[in-house]
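What follows is a short report on a single structure.
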Amino acid sequence: MFEHFYHQTIRKIVVAFGALFNDIYISRYDDAGSEVERIKVPISYGPQQKFIRRLARIGTDFDATKVRIENYLPRLSFELSNLNYDSTRKLNTMNRTVFFNAANTSTLKTRYERVPYNMDINLGIMTKNTEDALQIIEQILPYFQPEYTVSLRMNELDTNVNVPIVFKNCVLGEGDDGSYGGYDLRKLTYANLSFTSKFYLYGPIKELGVITDTGGVSINSGGASGGTSTGGINIIVGDETTGATAATIRVYANEGVTAGDYVPYGPTAQESITEFPLND
C-alpha cells in the first residue's frame with residue numbers, strides 16, 4: 001500500500017511563512033520626531049517559550065555586564081502548531097490528474113486527487129517595550145485581509161500552487177510571561193499572532209503508457225466496403241495516423257443522408273454525423 005515519496009510540501013509552506021516576515025524593521029525617533037535609528041528584527045524557527053527562558057537566565061548563566069537584554073530584543077519566532085484535515089475542500093478521491101511527460105513522450109505522468117489540510121502556525125513577537133511591538137504588528141496586519149496568498153512549486157507537476165495564509169487573531173502576553181511581574185523584573189512585551197495555512201498534500205507521481213494504436217475492424221451494413229453500392233452504410237475503422245482513410249463512414253444516397261464519405265474524427269476531420277435516419 002505505502003511507498004516512499006517526499007514532496008517537502010509542509011516544509012516549503014513553513015519556510016515560505018518565515019520568509020514573509022524576514023524584512024521587518026523598527027525605528028527609533030528623537031524628541032523632534034526624526035528617525036535616528038532603524039533596526040532589523042531577526043526571525044528564527046522555534047518556540048517562544050525557549051527564548052523567554054533564555055532571557056530569564058541573563059545574570060545567572062550569562063554575565064549581565066556583558067550580555068544585555070537589549071542585544072537580544074526585538075525578535076520574532078515562528079513554529080508549526082497543528083495540522084488538521086479539511087473536509088470542506090475534499091474532492092473525489094478517485095480523480096486523476098494527467099500531465100504531459102516531456103522527458104518521455106511515450107508515457108504520461110499522473111497522480112490521484114490532492115488531499116486538503118489546514119496548518120496552524122504561530123508567530124511570536126518579543127520586544128523591550130510596547131511601542132516596538134506595535135510597530136511590528138502594524139507592518140504585518142495590513143497585508144492580511146484576512147488572508148495573504150503565496151505561490152509555491154509543490155512538485156514537478158504542480159509548479160505554481162496558490163497557498164492562502166489566513167490571519168486568525170493576535171494576543172498580547174501578560175502574567176506568566178513576565179510582562180506584568182514584580183518591580184524587580186524588567187517589563188517585556190510579548191505578542192502571539194495565529195495564522196492558518198490552507199494547502200494540499202500530494203501523493204506519489206507515477207507514469208502511464210500512452211495508447212498509440214487502436215487496431216481496426218470493418219462493419220458493413222447493406223453495402224460493400226470500399227466499393228459502389230445501391231444502399232447501406234459502411235463503417236471503416238483503422239489507424240488514426242493514416243489520415244482521411246481512418247475511421248471513415250461511407251453513406252449511400254438512399255439511406256436518407258447525403259451520399260459521401262464522412263470522417264467524424266481524426267487528423268483530417270471533414271464532417272461529423274450525429275444522427276443516421278436509416279430505412280428499415
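A note on labels: chains of the C-alpha cells are A, B, ... as shown, every chain counts residues from 1, and ligands are counted from 1 in their shown order.
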Return as an NGL selection string the full set of residues in region 2-178 of chain A whose backbone-based DSSP assignment is helix (DSSP H, G or I).
:A and (9-20 or 48-56 or 69-71 or 87-89 or 130-143)
All residues 12 Å or closer to region 13-19 of chain A, only C-alpha atoms, same chain fewer than 6 positions away omitted, as a PyMOL selection string:
chain A and resi 7+42-46+76-81+118-124+148-154+161-167+194-201
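Across A:Gly173, A:Leu157, A:Arg11, A:Asn129, the tightest approach to Asn101 (chain A) is made by A:Leu157 when counting only C-alpha atoms.
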Any idea what's packed within 9 Å of region 202-210 of chain A, counting only C-alpha atoms, ignoring anything in its chain fewer than 3 positions away? Could you give it as a compact mmCIF listing (two decimals) with N, CA and C atoms, in the first residue's frame?
```txt
# COMPACT_ATOMS: atom_id res chain seq x y z
N GLU A 3 4.41 3.49 -0.28
CA GLU A 3 5.67 3.57 -0.99
C GLU A 3 6.34 4.89 -0.64
N HIS A 4 7.65 4.94 -0.79
CA HIS A 4 8.37 6.14 -0.37
C HIS A 4 8.23 7.26 -1.41
N PHE A 5 7.83 8.42 -0.94
CA PHE A 5 7.85 9.64 -1.74
C PHE A 5 7.86 10.81 -0.76
N TYR A 6 8.41 11.94 -1.20
CA TYR A 6 8.52 13.11 -0.32
C TYR A 6 8.61 14.35 -1.18
N HIS A 7 7.53 15.16 -1.16
CA HIS A 7 7.49 16.39 -1.94
C HIS A 7 7.90 17.62 -1.14
N THR A 9 6.23 19.28 0.99
CA THR A 9 5.14 20.26 0.92
C THR A 9 5.04 21.07 2.21
N VAL A 98 -3.63 14.17 -15.08
CA VAL A 98 -2.64 13.63 -16.00
C VAL A 98 -1.84 14.78 -16.61
N ASN A 101 4.44 14.23 -20.29
CA ASN A 101 5.79 13.88 -19.86
C ASN A 101 6.78 14.30 -20.93
N THR A 105 7.89 10.98 -24.29
CA THR A 105 6.58 11.22 -24.90
C THR A 105 5.73 9.97 -25.04
N SER A 106 6.29 8.80 -24.78
CA SER A 106 5.51 7.57 -24.85
C SER A 106 4.79 7.29 -23.55
N THR A 107 4.96 8.15 -22.53
CA THR A 107 4.28 7.97 -21.24
C THR A 107 3.70 9.30 -20.78
N LEU A 108 2.77 9.21 -19.85
CA LEU A 108 2.18 10.37 -19.19
C LEU A 108 2.45 10.26 -17.69
N LYS A 109 2.54 11.40 -17.02
CA LYS A 109 2.68 11.41 -15.57
C LYS A 109 1.33 11.71 -14.94
N THR A 110 1.02 11.01 -13.87
CA THR A 110 -0.30 11.14 -13.25
C THR A 110 -0.21 11.03 -11.74
N ARG A 111 -1.19 11.62 -11.08
CA ARG A 111 -1.34 11.50 -9.63
C ARG A 111 -2.82 11.50 -9.29
N TYR A 112 -3.17 10.91 -8.16
CA TYR A 112 -4.55 10.94 -7.70
C TYR A 112 -4.85 12.29 -7.06
N GLU A 113 -6.12 12.51 -6.75
CA GLU A 113 -6.57 13.81 -6.24
C GLU A 113 -5.80 14.22 -4.98
N ARG A 114 -5.42 15.48 -4.92
CA ARG A 114 -4.71 16.00 -3.77
C ARG A 114 -5.63 16.05 -2.54
N VAL A 115 -5.04 16.09 -1.36
CA VAL A 115 -5.79 15.98 -0.10
C VAL A 115 -5.70 17.30 0.66
N MET A 154 5.16 23.00 -5.66
CA MET A 154 4.98 21.89 -4.74
C MET A 154 5.70 20.62 -5.19
N ASN A 155 5.71 20.36 -6.49
CA ASN A 155 6.38 19.19 -7.03
C ASN A 155 6.60 19.41 -8.52
N GLU A 156 7.08 18.41 -9.22
CA GLU A 156 7.41 18.57 -10.63
C GLU A 156 6.18 18.77 -11.50
N LEU A 157 5.00 18.43 -11.02
CA LEU A 157 3.77 18.59 -11.80
C LEU A 157 3.00 19.83 -11.38
```
Using DSSP secondary structure from the backbone, list all strand (DSSP E) positions within region 13-203 of chain A, as a PyMOL selection string.
chain A and resi 25-29+35-40+43-45+75-85+96-100+107-112+115-127+147-152+161-172+189-201
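Here CA of Arg38 (chain A) is placed at a distance of 6.5 Å from CA of Tyr25 (chain A).
Reported to one decimal place, the separation of CA of Lys12 (chain A) from CA of Asn160 (chain A) is 12.7 Å.
Rounded to one decimal, CA of Met126 (chain A) and CA of Gln48 (chain A) lie 8.4 Å from each other.
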